[in-house]
Amino acid sequence: MTGLYIHIPFCVSRCSYCDFYRVTAAEWGDRGAFLRTLDREFKRLPSSFSPETVFIGGGTPTVLEPYELERLLQSIHDSIDMRRVVEFSCEANPGTLTVEKLAVMRGGGIDRISMGVQSFNPSALQLLGRIHDAGEAIKSYELIREAGFTKVNLDLIQSVPGMSRDDMLADLEMVARLKPEHLSSYNLIYEGGTPMQADLEAGRLIAPDEDVEADSYYLMKERLEQLGYEQYEISNFALAGQACLHNILYWEGGDYFGCGPSAHSHWGGARFGNVSDLHQYCFLLERDQPPFLEVERLDAAAKARELLVMQLRMLKGVDLEAFYRQSGFRVEALCGDALTLYIDEGLLRMEGGRLQLTSPALFISNSVFSAFV
Ligand code: SF4
């Protein structure tokens, strides 16, 4: 599979935990100039490029006005061969969606909406610096359904300081009521340079204990499974047949191009990341230069290890023969002692030609992966 990611770097304001590249209206007013530049980047893609999945993310793509969304979608369809696309997702945030915007999105071929709700709990939303309350999130969800979208993902954040186990379960009861097809549920990460990390370091915030986080994770997993969601990746759950194909493309080590500032590409064994600066991004493309500064080529073993870790994120695990064909490496030769150790400790399982994380390993997957890369 091949995919296209498009980064729209605008947000209404900055959430306290976020380290994605984004700018506010006060920092960059001329969105038209950005859309013209993005169109230039689309036109630089190989003419043979024909993605199967497209994902418009950000930032907040839905801060764009209806006429800007229309222009973006027109530019995508004019520049890129969309005939093989099987999934076309767009991120949205509560507080930025309207009936008009959703109609434009549907009309432009988007068939999946991924909405960043993060929580329905008022204290958590305030701490995370979100611009919306739970009522707006529910209203936005209803607008998405009324517009006819049948594939909806909700993003939730777990382990927000102050959130109890009951608060987490209350969020899941709202999920049970709304019935999205897909749910992504990540633990809060204190990214360097964010206000939330500064609060943590200064002692103004206290992160939950790791054992409490782990209990909460397995309780969430159990409740979502009761609700009919299948866990197909460490942090992702879906109703039958509703897994996100674009994310699976990343986890299976597929090829993709990323357009927009800070977007990354992985194509034909090379990796390159666009500059994370809107001024520089526009400057380079306006002069017909590529919007990235370096192309990285990992050596074959490093690439194989990276692929192994990505594939292990999925609960179905790694098909060992397919991995050998794709990477040229046997997992045993690549990981040797660490593999034996983790199998002995019950954190990895090798059965029926597959290597998988066991359930106890899911919450501590990063420490398992650190031995492989
Ligand atoms: S809306 Fe999303 S991208 Fe924008 S600041 Fe908040 S978390 Fe970051």
# chains A, B, ... in the order shown; residues from 1 in each chain; ligands from 1

call {"tool": "select_by_dssp", "arguments": {"residues": "region 108-357 of chain A", "states": "alpha helix (DSSP H)", "output": "ChimeraX atom specification"}}
result
/A:122-128,134-146,165-178,195-201,210-226,245-251,278-286,300-312,320-327,331-344

call {"tool": "residues_near_ligand", "arguments": {"ligand": "ligand 1", "cutoff": "8 Å", "atoms": "only C-alpha atoms and all ligand atoms", "output": "PDB file with N, CA and C atoms, in the first residue's frame"}}
result
ATOM      1  N   PRO A   9      -1.132  23.197   9.099  1.00  0.00           N
ATOM      2  CA  PRO A   9      -0.491  23.548  10.377  1.00  0.00           C
ATOM      3  C   PRO A   9      -1.200  24.647  11.177  1.00  0.00           C
ATOM      4  N   PHE A  10      -2.518  24.761  11.039  1.00  0.00           N
ATOM      5  CA  PHE A  10      -3.195  25.862  11.733  1.00  0.00           C
ATOM      6  C   PHE A  10      -4.031  25.341  12.893  1.00  0.00           C
ATOM      7  N   CYS A  11      -4.004  26.084  13.999  1.00  0.00           N
ATOM      8  CA  CYS A  11      -4.865  25.752  15.138  1.00  0.00           C
ATOM      9  C   CYS A  11      -5.441  27.041  15.697  1.00  0.00           C
ATOM     10  N   VAL A  12      -6.561  26.927  16.384  1.00  0.00           N
ATOM     11  CA  VAL A  12      -7.178  28.105  17.003  1.00  0.00           C
ATOM     12  C   VAL A  12      -6.268  28.612  18.119  1.00  0.00           C
ATOM     13  N   SER A  13      -5.771  27.697  18.941  1.00  0.00           N
ATOM     14  CA  SER A  13      -4.817  28.059  20.000  1.00  0.00           C
ATOM     15  C   SER A  13      -3.967  26.817  20.274  1.00  0.00           C
ATOM     16  N   ARG A  14      -3.097  26.901  21.252  1.00  0.00           N
ATOM     17  CA  ARG A  14      -2.173  25.784  21.512  1.00  0.00           C
ATOM     18  C   ARG A  14      -2.605  24.995  22.735  1.00  0.00           C
ATOM     19  N   CYS A  15      -2.828  23.730  22.561  1.00  0.00           N
ATOM     20  CA  CYS A  15      -3.157  22.870  23.693  1.00  0.00           C
ATOM     21  C   CYS A  15      -1.892  22.682  24.543  1.00  0.00           C
ATOM     22  N   SER A  16      -2.077  22.519  25.839  1.00  0.00           N
ATOM     23  CA  SER A  16      -0.933  22.581  26.754  1.00  0.00           C
ATOM     24  C   SER A  16       0.039  21.402  26.622  1.00  0.00           C
ATOM     25  N   TYR A  17      -0.396  20.298  25.991  1.00  0.00           N
ATOM     26  CA  TYR A  17       0.434  19.098  25.923  1.00  0.00           C
ATOM     27  C   TYR A  17       1.051  18.877  24.546  1.00  0.00           C
ATOM     28  N   CYS A  18       0.709  19.737  23.591  1.00  0.00           N
ATOM     29  CA  CYS A  18       0.965  19.426  22.172  1.00  0.00           C
ATOM     30  C   CYS A  18       2.333  19.915  21.702  1.00  0.00           C
ATOM     31  N   ASP A  19       3.050  19.040  20.997  1.00  0.00           N
ATOM     32  CA  ASP A  19       4.318  19.483  20.406  1.00  0.00           C
ATOM     33  C   ASP A  19       4.326  19.319  18.889  1.00  0.00           C
ATOM     34  N   PHE A  20       3.127  19.181  18.286  1.00  0.00           N
ATOM     35  CA  PHE A  20       3.071  19.145  16.818  1.00  0.00           C
ATOM     36  C   PHE A  20       3.418  20.526  16.266  1.00  0.00           C
ATOM     37  N   TYR A  21       3.891  20.555  15.033  1.00  0.00           N
ATOM     38  CA  TYR A  21       4.145  21.861  14.435  1.00  0.00           C
ATOM     39  C   TYR A  21       2.817  22.489  14.015  1.00  0.00           C
ATOM     40  N   ARG A  22       2.503  23.624  14.587  1.00  0.00           N
ATOM     41  CA  ARG A  22       1.265  24.346  14.241  1.00  0.00           C
ATOM     42  C   ARG A  22       1.432  25.820  14.565  1.00  0.00           C
ATOM     43  N   GLY A  58      -3.092  17.502  11.144  1.00  0.00           N
ATOM     44  CA  GLY A  58      -2.544  18.806  11.508  1.00  0.00           C
ATOM     45  C   GLY A  58      -1.986  18.771  12.920  1.00  0.00           C
ATOM     46  N   GLY A  59      -2.018  19.923  13.497  1.00  0.00           N
ATOM     47  CA  GLY A  59      -2.839  21.100  13.282  1.00  0.00           C
ATOM     48  C   GLY A  59      -4.333  20.733  13.325  1.00  0.00           C
ATOM     49  N   THR A  60      -5.085  21.630  12.810  1.00  0.00           N
ATOM     50  CA  THR A  60      -6.540  21.447  12.765  1.00  0.00           C
ATOM     51  C   THR A  60      -7.037  21.790  11.359  1.00  0.00           C
ATOM     52  N   ASN A  93     -11.531  19.046  14.760  1.00  0.00           N
ATOM     53  CA  ASN A  93     -11.599  19.322  16.189  1.00  0.00           C
ATOM     54  C   ASN A  93     -12.928  19.953  16.535  1.00  0.00           C
ATOM     55  N   GLY A 116     -10.590  14.874  17.383  1.00  0.00           N
ATOM     56  CA  GLY A 116      -9.836  14.947  18.636  1.00  0.00           C
ATOM     57  C   GLY A 116     -10.720  15.441  19.764  1.00  0.00           C
ATOM     58  N   GLY A 129      -6.019  22.223  27.885  1.00  0.00           N
ATOM     59  CA  GLY A 129      -6.047  23.482  27.118  1.00  0.00           C
ATOM     60  C   GLY A 129      -6.872  23.375  25.855  1.00  0.00           C
ATOM     61  N   ARG A 130      -7.888  22.529  25.862  1.00  0.00           N
ATOM     62  CA  ARG A 130      -8.736  22.374  24.675  1.00  0.00           C
ATOM     63  C   ARG A 130      -9.668  23.573  24.559  1.00  0.00           C
TER      64      ARG A 130
END

call {"tool": "residues_around", "arguments": {"residues": "region 168-183 of chain A", "least_positions_apart": "6", "cutoff": "8 Å", "atoms": "only C-alpha atoms", "output": "PyMOL selection string"}}
result
chain A and resi 119-121+150-156+158+216+220+223-224+227+229+236-239+242-244

call {"tool": "residues_around", "arguments": {"residues": "Ala207 (chain A)", "least_positions_apart": "5", "cutoff": "9 Å", "atoms": "only C-alpha atoms", "output": "PyMOL selection string"}}
result
chain A and resi 159-162+200

call {"tool": "write_last_selection", "arguments": {"atoms": "N, CA and C atoms", "output": "PDB file, in the first residue's frame"}}
result
ATOM      1  N   SER A 159      -4.852   8.991  31.394  1.00  0.00           N
ATOM      2  CA  SER A 159      -3.898   9.349  32.462  1.00  0.00           C
ATOM      3  C   SER A 159      -3.648  10.846  32.571  1.00  0.00           C
ATOM      4  N   VAL A 160      -4.687  11.636  32.319  1.00  0.00           N
ATOM      5  CA  VAL A 160      -4.574  13.074  32.556  1.00  0.00           C
ATOM      6  C   VAL A 160      -4.575  13.265  34.079  1.00  0.00           C
ATOM      7  N   PRO A 161      -3.642  14.067  34.615  1.00  0.00           N
ATOM      8  CA  PRO A 161      -3.605  14.249  36.070  1.00  0.00           C
ATOM      9  C   PRO A 161      -4.980  14.660  36.610  1.00  0.00           C
ATOM     10  N   GLY A 162      -5.362  14.026  37.693  1.00  0.00           N
ATOM     11  CA  GLY A 162      -6.649  14.350  38.318  1.00  0.00           C
ATOM     12  C   GLY A 162      -7.794  13.468  37.846  1.00  0.00           C
ATOM     13  N   LEU A 200       4.817  20.034  35.097  1.00  0.00           N
ATOM     14  CA  LEU A 200       5.212  18.791  35.764  1.00  0.00           C
ATOM     15  C   LEU A 200       6.562  18.982  36.463  1.00  0.00           C
TER      16      LEU A 200
END

call {"tool": "atom_distance", "arguments": {"atom1": "CA of Glu87 (chain A)", "atom2": "CA of Val54 (chain A)"}}
result
6.4 Å

call {"tool": "closest_residue", "arguments": {"among": "A:Ile6, A:Met82, A:Leu312, A:Leu97", "to": "Val63 (chain A)", "atoms": "only C-alpha atoms"}}
result
A:Leu97

call {"tool": "select_by_dssp", "arguments": {"residues": "region 183-233 of chain A", "states": "strand (DSSP E)", "output": "list in words"}}
result
Leu183, Ser184, Ser185, Tyr186, Asn187, Glu230, Gln231, Tyr232 and Glu233 of chain A

call {"tool": "atom_distance", "arguments": {"atom1": "CA of Ser79 (chain A)", "atom2": "CA of Arg145 (chain A)"}}
result
29.4 Å

call {"tool": "closest_residue", "arguments": {"among": "A:Ser365, A:Ser235, A:Gln118, A:Gln311", "to": "Ser327 (chain A)", "atoms": "only C-alpha atoms"}}
result
A:Gln311

call {"tool": "closest_residue", "arguments": {"among": "A:Ala214, A:Leu285, A:Val104, A:Met314", "to": "Gln231 (chain A)", "atoms": "only C-alpha atoms"}}
result
A:Met314

call {"tool": "closest_atom_pairs", "arguments": {"of": "region 9-77 of chain A", "to": "region 256-265 of chain A", "cutoff": "12 Å", "atoms": "only C-alpha atoms", "output": "tab-separated table"}}
result
residue	atom	partner	partner_atom	distance
A:Pro9	CA	A:Pro261	CA	7.1
A:Phe10	CA	A:Pro261	CA	10.7
A:Asp19	CA	A:Ser262	CA	11.4
A:Phe20	CA	A:Ser262	CA	8.4
A:Tyr21	CA	A:Ser262	CA	6.5
A:Arg22	CA	A:Pro261	CA	8.8
A:Val23	CA	A:Pro261	CA	10.7
A:Phe34	CA	A:Gly260	CA	8.8
A:Leu35	CA	A:Gly260	CA	9.4
A:Arg36	CA	A:Gly260	CA	11.2
A:Thr37	CA	A:Gly260	CA	8.7
A:Leu38	CA	A:Gly260	CA	6.2
A:Asp39	CA	A:Cys259	CA	9.5
A:Arg40	CA	A:Cys259	CA	10.1
A:Glu41	CA	A:Cys259	CA	6.7
A:Phe42	CA	A:Cys259	CA	7.2
A:Lys43	CA	A:Cys259	CA	10.7
A:Arg44	CA	A:Cys259	CA	10.1
A:Leu45	CA	A:Phe257	CA	8.2
A:Pro46	CA	A:Phe257	CA	10.1
A:Phe49	CA	A:Phe257	CA	9.2
A:Ser50	CA	A:Tyr256	CA	10.2
A:Pro51	CA	A:Tyr256	CA	7.9
A:Glu52	CA	A:Tyr256	CA	9.7
A:Thr53	CA	A:Tyr256	CA	9.1
A:Val54	CA	A:Tyr256	CA	9.4
A:Phe55	CA	A:Gly258	CA	9.4
A:Ile56	CA	A:Cys259	CA	9.5
A:Gly57	CA	A:Ala263	CA	9.7
A:Gly58	CA	A:Gly260	CA	9.2
A:Gly59	CA	A:Pro261	CA	10.5
A:Pro61	CA	A:Gly260	CA	11.7
A:Leu72	CA	A:Gly260	CA	11.9
A:Ile76	CA	A:Cys259	CA	10.9

call {"tool": "closest_residue", "arguments": {"among": "A:Val117, A:Ala147, A:Val373, A:Ala134", "to": "Thr98 (chain A)", "atoms": "only C-alpha atoms"}}
result
A:Ala147
